[in-house]
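Asker: What follows is start_5.tsv, TSV, C-alpha atoms.
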chain	number	residue	atom	x	y	z
A	1	MET	CA	-17.88	5.90	1.11
A	2	MET	CA	-14.16	5.22	0.92
A	3	GLN	CA	-13.24	1.68	-0.11
A	4	LEU	CA	-9.60	0.88	0.56
A	5	LEU	CA	-7.65	-2.38	0.85
A	6	ALA	CA	-4.01	-2.09	1.97
A	7	LEU	CA	-2.17	-5.41	1.65
A	8	SER	CA	1.18	-6.06	3.29
A	9	SER	CA	2.66	-7.99	0.38
A	10	SER	CA	2.04	-9.75	-2.93
A	11	LYS	CA	2.91	-13.20	-1.55
A	12	VAL	CA	2.61	-15.14	1.68
A	13	ASN	CA	5.34	-17.67	2.45
A	14	ASN	CA	5.93	-19.52	-0.86
A	15	SER	CA	2.58	-18.74	-2.46
A	16	ASP	CA	2.03	-17.79	-6.07
A	17	TYR	CA	1.75	-14.10	-6.86
A	18	LEU	CA	-1.28	-12.44	-5.19
A	19	VAL	CA	-3.03	-15.82	-4.80
A	20	PRO	CA	-3.58	-15.61	-1.00
A	21	TYR	CA	-5.26	-12.24	-1.44
A	22	LEU	CA	-7.58	-13.05	-4.37
A	23	PRO	CA	-10.67	-13.62	-2.18
A	24	TRP	CA	-10.16	-10.26	-0.44
A	25	ILE	CA	-9.54	-8.49	-3.75
A	26	LYS	CA	-12.65	-9.99	-5.34
A	27	GLN	CA	-14.81	-9.10	-2.36
A	28	HIS	CA	-13.41	-5.59	-2.20
A	29	LEU	CA	-14.15	-4.92	-5.87
A	30	ASN	CA	-17.78	-5.95	-5.39
A	31	GLY	CA	-18.47	-6.79	-9.03
A	32	CYS	CA	-16.03	-4.37	-10.64
A	33	SER	CA	-14.31	-6.22	-13.49
A	34	ARG	CA	-11.74	-3.67	-14.70
A	35	LEU	CA	-8.80	-2.17	-12.80
A	36	LEU	CA	-6.42	0.66	-13.52
A	37	PHE	CA	-2.99	-0.54	-12.43
A	38	VAL	CA	-0.27	1.86	-11.27
A	39	PRO	CA	3.10	0.17	-11.99
A	40	TYR	CA	5.41	3.02	-10.99
A	41	ALA	CA	6.91	1.29	-7.94
A	42	GLY	CA	8.46	-1.22	-10.32
A	43	VAL	CA	12.16	-0.50	-10.80
A	44	SER	CA	13.72	-3.85	-11.66
A	45	ILE	CA	10.70	-4.88	-13.76
A	46	ASP	CA	9.53	-3.31	-17.01
A	47	PHE	CA	6.10	-1.68	-16.72
A	48	ASP	CA	4.68	-3.81	-19.56
A	49	ALA	CA	5.94	-6.96	-17.85
A	50	TYR	CA	4.56	-5.76	-14.53
A	51	GLN	CA	1.12	-5.23	-16.03
A	52	ALA	CA	1.21	-8.69	-17.61
A	53	LYS	CA	2.23	-10.28	-14.30
A	54	VAL	CA	-0.64	-8.66	-12.43
A	55	ALA	CA	-3.13	-9.43	-15.21
A	56	GLU	CA	-2.16	-13.09	-15.13
A	57	ALA	CA	-2.54	-13.21	-11.35
A	58	LEU	CA	-6.02	-11.65	-11.44
A	59	ALA	CA	-7.31	-13.65	-14.42
A	60	PRO	CA	-8.82	-16.39	-12.17
A	61	ILE	CA	-11.23	-13.81	-10.72
A	62	ASP	CA	-12.07	-12.37	-14.17
A	63	ILE	CA	-10.43	-8.98	-13.73
A	64	THR	CA	-9.15	-6.97	-16.70
A	65	VAL	CA	-6.03	-4.93	-15.93
A	66	ASP	CA	-5.24	-1.69	-17.73
A	67	SER	CA	-2.01	0.09	-16.83
A	68	LEU	CA	-1.57	3.80	-16.22
A	69	HIS	CA	1.73	3.92	-18.11
A	70	ARG	CA	-0.02	3.12	-21.38
A	71	PHE	CA	-2.27	6.21	-21.33
A	72	ASP	CA	-1.30	9.45	-23.06
A	73	ASN	CA	-3.34	11.33	-20.45
A	74	PRO	CA	-2.93	9.63	-17.05
A	75	ALA	CA	-5.27	12.08	-15.32
A	76	THR	CA	-8.10	11.19	-17.69
A	77	ALA	CA	-7.42	7.51	-17.09
A	78	ILE	CA	-7.79	8.01	-13.34
A	79	GLU	CA	-10.94	10.09	-13.80
A	80	GLN	CA	-12.51	7.28	-15.83
A	81	ALA	CA	-11.24	4.32	-13.78
A	82	GLU	CA	-13.62	1.85	-12.15
A	83	ALA	CA	-11.03	0.91	-9.52
A	84	ILE	CA	-7.34	1.55	-8.92
A	85	LEU	CA	-4.63	-0.97	-8.05
A	86	VAL	CA	-1.18	0.23	-6.91
A	87	GLY	CA	1.58	-2.36	-7.00
A	88	GLY	CA	4.62	-2.91	-4.84
A	89	GLY	CA	8.26	-2.17	-5.46
A	90	ASN	CA	10.12	0.94	-4.37
A	91	THR	CA	7.94	3.43	-2.50
A	92	PHE	CA	10.22	6.39	-3.26
A	93	ALA	CA	10.10	5.68	-7.00
A	94	LEU	CA	6.31	5.33	-6.85
A	95	LEU	CA	5.80	8.59	-5.00
A	96	GLN	CA	8.23	10.52	-7.18
A	97	ARG	CA	6.53	9.45	-10.42
A	98	LEU	CA	3.06	10.31	-9.12
A	99	GLN	CA	4.34	13.71	-7.98
A	100	GLN	CA	5.93	14.35	-11.36
A	101	LEU	CA	2.64	13.54	-13.08
A	102	ASN	CA	0.69	15.64	-10.57
A	103	LEU	CA	-1.63	12.73	-9.78
A	104	LEU	CA	-1.61	12.44	-5.98
A	105	ASP	CA	-4.42	14.90	-5.32
A	106	LEU	CA	-6.54	13.44	-8.11
A	107	ILE	CA	-6.16	9.89	-6.79
A	108	LYS	CA	-7.01	11.04	-3.28
A	109	LYS	CA	-10.07	12.93	-4.54
A	110	ARG	CA	-11.38	9.95	-6.50
A	111	VAL	CA	-10.75	7.38	-3.74
A	112	THR	CA	-12.37	9.67	-1.18
A	113	LYS	CA	-15.41	9.69	-3.49
A	114	GLU	CA	-15.78	5.89	-3.59
A	115	LEU	CA	-13.23	4.77	-6.23
A	116	PRO	CA	-12.09	1.37	-4.86
A	117	TYR	CA	-8.36	1.37	-4.02
A	118	ILE	CA	-6.18	-1.70	-3.61
A	119	GLY	CA	-2.46	-1.50	-2.93
A	120	TRP	CA	0.23	-3.81	-1.66
A	121	SER	CA	3.67	-3.09	-0.21
A	122	ALA	CA	4.60	0.30	-1.72
A	123	GLY	CA	0.97	0.71	-2.75
A	124	ALA	CA	-0.05	0.21	0.87
A	125	ASN	CA	2.62	2.63	2.13
A	126	LEU	CA	1.17	5.26	-0.18
A	127	THR	CA	-2.19	5.23	1.62
A	128	GLY	CA	-0.72	6.67	4.84
A	129	LEU	CA	0.17	10.22	5.77
A	130	SER	CA	3.76	9.83	4.58
A	131	ILE	CA	6.21	7.18	3.42
A	132	ARG	CA	8.63	7.80	6.29
A	133	THR	CA	8.10	4.29	7.72
A	134	THR	CA	8.69	2.38	4.50
A	135	ASN	CA	11.39	-0.30	4.44
A	136	ASP	CA	12.67	0.80	1.04
A	137	MET	CA	15.93	2.46	0.10
A	138	PRO	CA	15.57	6.07	-1.14
A	139	ILE	CA	16.98	5.39	-4.60
A	140	VAL	CA	15.31	8.57	-5.88
A	141	GLN	CA	14.37	11.82	-4.16
A	142	PRO	CA	10.67	12.76	-4.22
A	143	GLU	CA	9.57	16.37	-3.78
A	144	SER	CA	8.36	15.41	-0.31
A	145	PHE	CA	7.52	12.27	1.67
A	146	GLU	CA	3.84	13.20	2.00
A	147	ALA	CA	1.57	10.48	0.64
A	148	LEU	CA	-2.16	10.15	-0.07
A	149	GLY	CA	-3.33	10.48	3.53
A	150	LEU	CA	-6.25	8.11	2.95
A	151	LEU	CA	-5.33	6.59	6.30
A	152	PRO	CA	-4.38	9.20	8.94
A	153	PHE	CA	-1.34	7.37	10.29
A	154	GLN	CA	1.85	5.59	9.17
A	155	LEU	CA	2.13	2.09	7.73
A	156	ASN	CA	4.91	-0.48	7.72
A	157	PRO	CA	4.16	-3.37	5.33
A	158	HIS	CA	6.24	-6.57	5.26
A	159	TYR	CA	6.59	-6.20	9.01
A	160	THR	CA	8.94	-8.60	10.78
A	161	ASN	CA	11.20	-8.20	13.76
A	162	GLN	CA	13.51	-11.10	12.97
A	163	HIS	CA	17.08	-10.71	14.18
A	164	PRO	CA	19.52	-13.23	12.65
A	165	ALA	CA	22.35	-14.45	14.82
A	166	ASP	CA	25.50	-12.33	14.54
A	167	PHE	CA	23.58	-9.54	12.77
A	168	HIS	CA	24.40	-6.13	14.23
A	169	GLY	CA	22.11	-3.84	12.23
A	170	GLU	CA	18.83	-2.41	13.50
A	171	THR	CA	15.75	-4.57	13.82
A	172	ARG	CA	12.46	-3.26	12.46
A	173	ASP	CA	11.29	-2.45	15.97
A	174	MET	CA	14.42	-0.39	16.56
A	175	ARG	CA	13.83	1.63	13.41
A	176	LEU	CA	10.18	2.22	14.22
A	177	ALA	CA	11.25	3.23	17.74
A	178	GLU	CA	13.37	6.00	16.20
A	179	PHE	CA	10.28	7.31	14.43
A	180	MET	CA	8.31	7.22	17.68
A	181	VAL	CA	10.96	9.33	19.42
A	182	LEU	CA	10.37	12.07	16.86
A	183	GLU	CA	6.61	11.53	16.41
A	184	PRO	CA	5.34	10.11	19.72
A	185	GLU	CA	1.68	10.88	18.97
A	186	MET	CA	1.63	9.38	15.46
A	187	PRO	CA	0.39	5.75	15.25
A	188	ILE	CA	2.22	3.27	13.03
A	189	ILE	CA	0.34	0.16	11.90
A	190	ALA	CA	2.76	-2.62	11.00
A	191	LEU	CA	1.42	-5.37	8.72
A	192	PRO	CA	3.11	-8.79	8.65
A	193	GLU	CA	2.90	-10.61	5.34
A	194	GLY	CA	-0.53	-12.20	5.01
A	195	SER	CA	-2.34	-9.32	6.70
A	196	ALA	CA	-4.14	-6.22	5.49
A	197	LEU	CA	-6.23	-3.24	6.46
A	198	VAL	CA	-9.65	-2.71	4.93
A	199	ARG	CA	-11.46	0.61	5.13
A	200	GLN	CA	-15.14	0.92	4.32
A	201	GLY	CA	-16.20	4.47	5.01
A	202	ASN	CA	-15.41	5.14	8.65
A	203	GLN	CA	-14.85	1.47	9.48
A	204	LEU	CA	-11.25	0.18	9.58
A	205	THR	CA	-10.50	-3.49	10.22
A	206	VAL	CA	-7.46	-5.76	10.39
A	207	LEU	CA	-7.61	-8.74	8.03
A	208	GLY	CA	-5.57	-11.95	8.09
A	209	GLU	CA	-4.41	-14.49	10.64
A	210	PRO	CA	-1.05	-12.74	11.31
A	211	GLY	CA	-2.93	-9.69	12.57
A	212	ALA	CA	-1.04	-6.42	12.90
A	213	TYR	CA	0.87	-4.32	15.40
A	214	GLN	CA	0.39	-0.75	16.55
A	215	PHE	CA	3.40	1.31	17.53
A	216	LEU	CA	2.63	4.48	19.47
A	217	ALA	CA	4.44	6.61	22.06
A	218	GLY	CA	7.18	4.03	22.55
A	219	ASN	CA	4.79	1.10	22.93
A	220	LYS	CA	3.98	-1.89	20.73
A	221	ALA	CA	0.59	-3.62	20.85
A	222	ALA	CA	-0.56	-6.74	19.00
A	223	LEU	CA	-3.79	-6.47	17.01
A	224	GLY	CA	-5.59	-9.69	16.17
A	225	ALA	CA	-7.46	-10.47	12.97
A	226	GLY	CA	-10.76	-8.63	12.99
A	227	SER	CA	-9.51	-5.85	15.26
A	228	ASP	CA	-11.53	-2.65	14.84
A	229	LEU	CA	-9.23	0.34	14.32
A	230	SER	CA	-11.96	2.79	13.41
A	231	ALA	CA	-10.97	5.06	16.29
A	232	LEU	CA	-7.78	5.88	14.38
A	233	LEU	CA	-9.86	7.52	11.66
A	234	VAL	CA	-11.28	10.16	14.00
Spit out the file's structure as structure tokens when you get a sec.
Answerer:
Amino acid sequence: MMQLLALSSSKVNNSDYLVPYLPWIKQHLNGCSRLLFVPYAGVSIDFDAYQAKVAEALAPIDITVDSLHRFDNPATAIEQAEAILVGGGNTFALLQRLQQLNLLDLIKKRVTKELPYIGWSAGANLTGLSIRTTNDMPIVQPESFEALGLLPFQLNPHYTNQHPADFHGETRDMRLAEFMVLEPEMPIIALPEGSALVRQGNQLTVLGEPGAYQFLAGNKAALGAGSDLSALLV
């Protein structure tokens, strides 16, 4: 049974790092005490420092954090992992590194066979069919934009449609509308900070008071906390 937790962000408002999500993470791991962390979305942070930051954040729930970048054989590390945690940063950099290491199919295979997966921001983007609805700048060029496909739709973490006065660039809704013009039958689930999607087998649920939004065929629909999106998995 697939066990997947896709978090919008690492913080909510002015919270400490990952603190608002610790109860969800602990529940999702269901007794697992060791995580394999994938730091490759980090661009402006050193991988060692990124691992230390995540380890410190998860220490209150007694989780040990190993990092994929420290292993001579990353594939073996994934094969032996108890759970996998994919951090935020730049989604293009994350995808490119995993492609270069030939790890995407292995991660998908293991998660499909019950390896618990937790990801936030870029790590949440990676769970969808592609990364074409990420907010990130393409600072590197992956082989393709195809992602893990653990969720059969698109995601947009850090969702907001704020439009500052005198700002003349596109809002998030405008950018997602462009995607819908080209892919009218492909759902996009947008996750405001403080929200998440949890998949347990064929059950998919919205977590968090902010809820989520579904963009499809030119329409936008609000999804409250607890909304059942299992029909999207069919």
Asker: Determine the nearest neighbour of Leu106 of chain A from the options A:Ala83, A:Met137, A:Ile78, A:Ala93, counting all atoms listed in the file.
Answerer: A:Ile78
Asker: Pull the neighbourhood of (-8.7, 4.9, 11.7) for me: all residues within 8 Å in file coordinates, counting all atoms listed in the file, as a list in words.
Answerer: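 In the file's frame, the residues around the point are Leu151, Pro152, Phe153, Asn202, Gln203, Leu204, Leu229, Ser230, Ala231, Leu232, Leu233 and Val234 of chain A.
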Asker: Take atom CA of Ser144 of chain A and atom CA of Asn102 of chain A and report the distance between them in Å, one decimal.
Answerer: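 For atom CA of Ser144 of chain A relative to atom CA of Asn102 of chain A, the distance reads 12.8 Å.
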Asker: Would you tabulate, counting only C-alpha atoms, all residues of segment 25-109 of chain A that have an atom at most 12 Å from an atom of segment 114-136 of chain A, showing the closest pair of atoms and their distance in Å to one decimal, sorted by chain then ascending number, as a Markdown table?
Answerer:
| residue | atom | partner | partner_atom | distance |
| --- | --- | --- | --- | --- |
| A:Ile25 | CA | A:Ile118 | CA | 7.6 |
| A:Lys26 | CA | A:Ile118 | CA | 10.7 |
| A:Gln27 | CA | A:Pro116 | CA | 11.1 |
| A:His28 | CA | A:Pro116 | CA | 7.6 |
| A:Leu29 | CA | A:Pro116 | CA | 6.7 |
| A:Asn30 | CA | A:Pro116 | CA | 9.3 |
| A:Gly31 | CA | A:Pro116 | CA | 11.2 |
| A:Cys32 | CA | A:Pro116 | CA | 9.0 |
| A:Ser33 | CA | A:Pro116 | CA | 11.7 |
| A:Arg34 | CA | A:Pro116 | CA | 11.1 |
| A:Leu35 | CA | A:Pro116 | CA | 9.3 |
| A:Leu36 | CA | A:Tyr117 | CA | 9.7 |
| A:Phe37 | CA | A:Ile118 | CA | 9.5 |
| A:Val38 | CA | A:Gly123 | CA | 8.7 |
| A:Pro39 | CA | A:Gly123 | CA | 9.5 |
| A:Tyr40 | CA | A:Gly123 | CA | 9.6 |
| A:Ala41 | CA | A:Ala122 | CA | 6.7 |
| A:Gly42 | CA | A:Ala122 | CA | 9.5 |
| A:Val43 | CA | A:Ala122 | CA | 11.8 |
| A:Val54 | CA | A:Trp120 | CA | 11.8 |
| A:Ile78 | CA | A:Leu115 | CA | 9.5 |
| A:Glu79 | CA | A:Leu115 | CA | 9.5 |
| A:Gln80 | CA | A:Leu115 | CA | 9.9 |
| A:Ala81 | CA | A:Leu115 | CA | 7.8 |
| A:Glu82 | CA | A:Leu115 | CA | 6.6 |
| A:Ala83 | CA | A:Pro116 | CA | 4.8 |
| A:Ile84 | CA | A:Tyr117 | CA | 5.0 |
| A:Leu85 | CA | A:Ile118 | CA | 4.8 |
| A:Val86 | CA | A:Gly119 | CA | 4.5 |
| A:Gly87 | CA | A:Gly123 | CA | 5.3 |
| A:Gly88 | CA | A:Ala122 | CA | 4.5 |
| A:Gly89 | CA | A:Ala122 | CA | 5.8 |
| A:Asn90 | CA | A:Asp136 | CA | 6.0 |
| A:Thr91 | CA | A:Ala122 | CA | 4.6 |
| A:Phe92 | CA | A:Asp136 | CA | 7.5 |
| A:Ala93 | CA | A:Ala122 | CA | 9.3 |
| A:Leu94 | CA | A:Ala122 | CA | 7.4 |
| A:Leu95 | CA | A:Leu126 | CA | 7.5 |
| A:Gln96 | CA | A:Leu126 | CA | 11.2 |
| A:Leu98 | CA | A:Leu126 | CA | 10.4 |
| A:Gln99 | CA | A:Leu126 | CA | 11.9 |
| A:Leu104 | CA | A:Leu126 | CA | 9.6 |
| A:Leu106 | CA | A:Leu115 | CA | 11.1 |
| A:Ile107 | CA | A:Leu115 | CA | 8.7 |
| A:Lys108 | CA | A:Thr127 | CA | 9.0 |
| A:Lys109 | CA | A:Leu115 | CA | 8.9 |
Asker: Write out, as JSON lines, each residue of segment 57-169 of chain A that has an atom at most 12 Å from segment 208-218 of chain A, together with the closest pair of atoms and their distance in Å to one decimal, counting only C-alpha atoms, rows going by chain and rising number.
Answerer:
{"residue": "A:Thr133", "atom": "CA", "partner": "A:Phe215", "partner_atom": "CA", "distance": 11.3}
{"residue": "A:Phe153", "atom": "CA", "partner": "A:Gln214", "partner_atom": "CA", "distance": 10.4}
{"residue": "A:Gln154", "atom": "CA", "partner": "A:Phe215", "partner_atom": "CA", "distance": 9.5}
{"residue": "A:Leu155", "atom": "CA", "partner": "A:Gln214", "partner_atom": "CA", "distance": 9.4}
{"residue": "A:Asn156", "atom": "CA", "partner": "A:Tyr213", "partner_atom": "CA", "distance": 9.5}
{"residue": "A:Pro157", "atom": "CA", "partner": "A:Ala212", "partner_atom": "CA", "distance": 9.7}
{"residue": "A:His158", "atom": "CA", "partner": "A:Ala212", "partner_atom": "CA", "distance": 10.6}
{"residue": "A:Tyr159", "atom": "CA", "partner": "A:Ala212", "partner_atom": "CA", "distance": 8.6}
{"residue": "A:Thr160", "atom": "CA", "partner": "A:Tyr213", "partner_atom": "CA", "distance": 10.2}
{"residue": "A:Asn161", "atom": "CA", "partner": "A:Tyr213", "partner_atom": "CA", "distance": 11.2}
Asker: Atom CA of Ala196 of chain A to atom CA of Pro138 of chain A: how many Å, to one decimal?
Answerer: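 That distance, rounded to one decimal, is 24.2 Å.
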Asker: Please indicate the distance in Å from atom CA of Asn14 of chain A to atom CA of Glu193 of chain A, rounded to one decimal place.
Answerer: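 Those two atoms sit 11.3 Å apart.
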Asker: Taking all atoms of segment 174-183 of chain A that appear in the file, build a box with edges along x, y and z, extend it by 5 Å on every side, and state its centre and edge lengths in Å to one decimal, as AutoDock Vina command-line options.
Answerer:
--center_x 10.5 --center_y 5.8 --center_z 16.4 --size_x 17.8 --size_y 22.5 --size_z 16.0
Asker: For Ile63 of chain A, which residue out of A:Ala75, A:Leu22, A:Leu223, A:Leu101 is the nearest one, using all atoms listed in the file?
Answerer: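 Distance minimum relative to Ile63 of chain A lands on A:Leu22.
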Asker: Of the residues A:Arg97, A:Pro192, A:Ser227, A:Arg110, which is the one nearest to Val140 of chain A, using all atoms listed in the file?
Answerer: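 For Val140 of chain A, the nearest of the given residues is A:Arg97.
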Asker: I need the residue nearest Lys11 of chain A from this list: A:Asp46, A:Ala147, A:Gly194, A:Gly201. Use all atoms listed in the file for the distance.
Answerer: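 Result for the nearest residue to Lys11 of chain A: A:Gly194.
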Asker: Would you mind telling me which residue in A:Ala57, A:Leu207, A:Ala165, A:Ile45 lies nearest to Tyr17 of chain A when using only C-alpha atoms?
Answerer: A:Ala57
Asker: Could you write segment 92-136 of chain A of the block just shown to a file containing C-alpha atoms, as a PDB file, in the first residue's frame?
Answerer:
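Output file out.pdb is given in full below:
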ATOM      1  CA  PHE A  92      14.692  21.408 -11.625  1.00  0.00           C
ATOM      2  CA  ALA A  93      17.944  20.789  -9.736  1.00  0.00           C
ATOM      3  CA  LEU A  94      16.315  17.949  -7.781  1.00  0.00           C
ATOM      4  CA  LEU A  95      14.966  16.231 -10.872  1.00  0.00           C
ATOM      5  CA  GLN A  96      18.185  16.638 -12.832  1.00  0.00           C
ATOM      6  CA  ARG A  97      20.319  15.056 -10.094  1.00  0.00           C
ATOM      7  CA  LEU A  98      17.964  12.101  -9.670  1.00  0.00           C
ATOM      8  CA  GLN A  99      17.960  11.581 -13.439  1.00  0.00           C
ATOM      9  CA  GLN A 100      21.748  11.713 -13.564  1.00  0.00           C
ATOM     10  CA  LEU A 101      21.939   9.070 -10.829  1.00  0.00           C
ATOM     11  CA  ASN A 102      19.248   6.974 -12.531  1.00  0.00           C
ATOM     12  CA  LEU A 103      17.181   6.852  -9.338  1.00  0.00           C
ATOM     13  CA  LEU A 104      13.677   7.932 -10.378  1.00  0.00           C
ATOM     14  CA  ASP A 105      12.409   4.497 -11.370  1.00  0.00           C
ATOM     15  CA  LEU A 106      13.916   2.903  -8.264  1.00  0.00           C
ATOM     16  CA  ILE A 107      12.286   5.438  -5.948  1.00  0.00           C
ATOM     17  CA  LYS A 108       8.947   4.970  -7.685  1.00  0.00           C
ATOM     18  CA  LYS A 109       9.244   1.183  -7.446  1.00  0.00           C
ATOM     19  CA  ARG A 110      10.047   1.262  -3.738  1.00  0.00           C
ATOM     20  CA  VAL A 111       7.355   3.805  -2.821  1.00  0.00           C
ATOM     21  CA  THR A 112       4.784   1.878  -4.840  1.00  0.00           C
ATOM     22  CA  LYS A 113       5.739  -1.137  -2.711  1.00  0.00           C
ATOM     23  CA  GLU A 114       5.077   0.585   0.636  1.00  0.00           C
ATOM     24  CA  LEU A 115       8.263   2.614   1.287  1.00  0.00           C
ATOM     25  CA  PRO A 116       6.893   5.690   3.131  1.00  0.00           C
ATOM     26  CA  TYR A 117       7.537   8.903   1.168  1.00  0.00           C
ATOM     27  CA  ILE A 118       7.489  12.419   2.581  1.00  0.00           C
ATOM     28  CA  GLY A 119       8.316  15.483   0.514  1.00  0.00           C
ATOM     29  CA  TRP A 120       7.796  19.205   0.778  1.00  0.00           C
ATOM     30  CA  SER A 121       7.895  21.944  -1.846  1.00  0.00           C
ATOM     31  CA  ALA A 122      10.172  20.509  -4.567  1.00  0.00           C
ATOM     32  CA  GLY A 123       9.810  17.110  -2.920  1.00  0.00           C
ATOM     33  CA  ALA A 124       6.043  17.420  -3.268  1.00  0.00           C
ATOM     34  CA  ASN A 125       6.300  18.579  -6.892  1.00  0.00           C
ATOM     35  CA  LEU A 126       8.281  15.434  -7.638  1.00  0.00           C
ATOM     36  CA  THR A 127       5.361  13.169  -6.702  1.00  0.00           C
ATOM     37  CA  GLY A 128       3.214  14.355  -9.633  1.00  0.00           C
ATOM     38  CA  LEU A 129       3.290  13.385 -13.283  1.00  0.00           C
ATOM     39  CA  SER A 130       5.667  16.203 -14.181  1.00  0.00           C
ATOM     40  CA  ILE A 131       7.213  19.336 -12.704  1.00  0.00           C
ATOM     41  CA  ARG A 132       5.620  21.654 -15.273  1.00  0.00           C
ATOM     42  CA  THR A 133       3.544  23.455 -12.614  1.00  0.00           C
ATOM     43  CA  THR A 134       6.394  24.179 -10.219  1.00  0.00           C
ATOM     44  CA  ASN A 135       7.030  27.793  -9.194  1.00  0.00           C
ATOM     45  CA  ASP A 136      10.797  27.418  -9.548  1.00  0.00           C
TER      46      ASP A 136
END
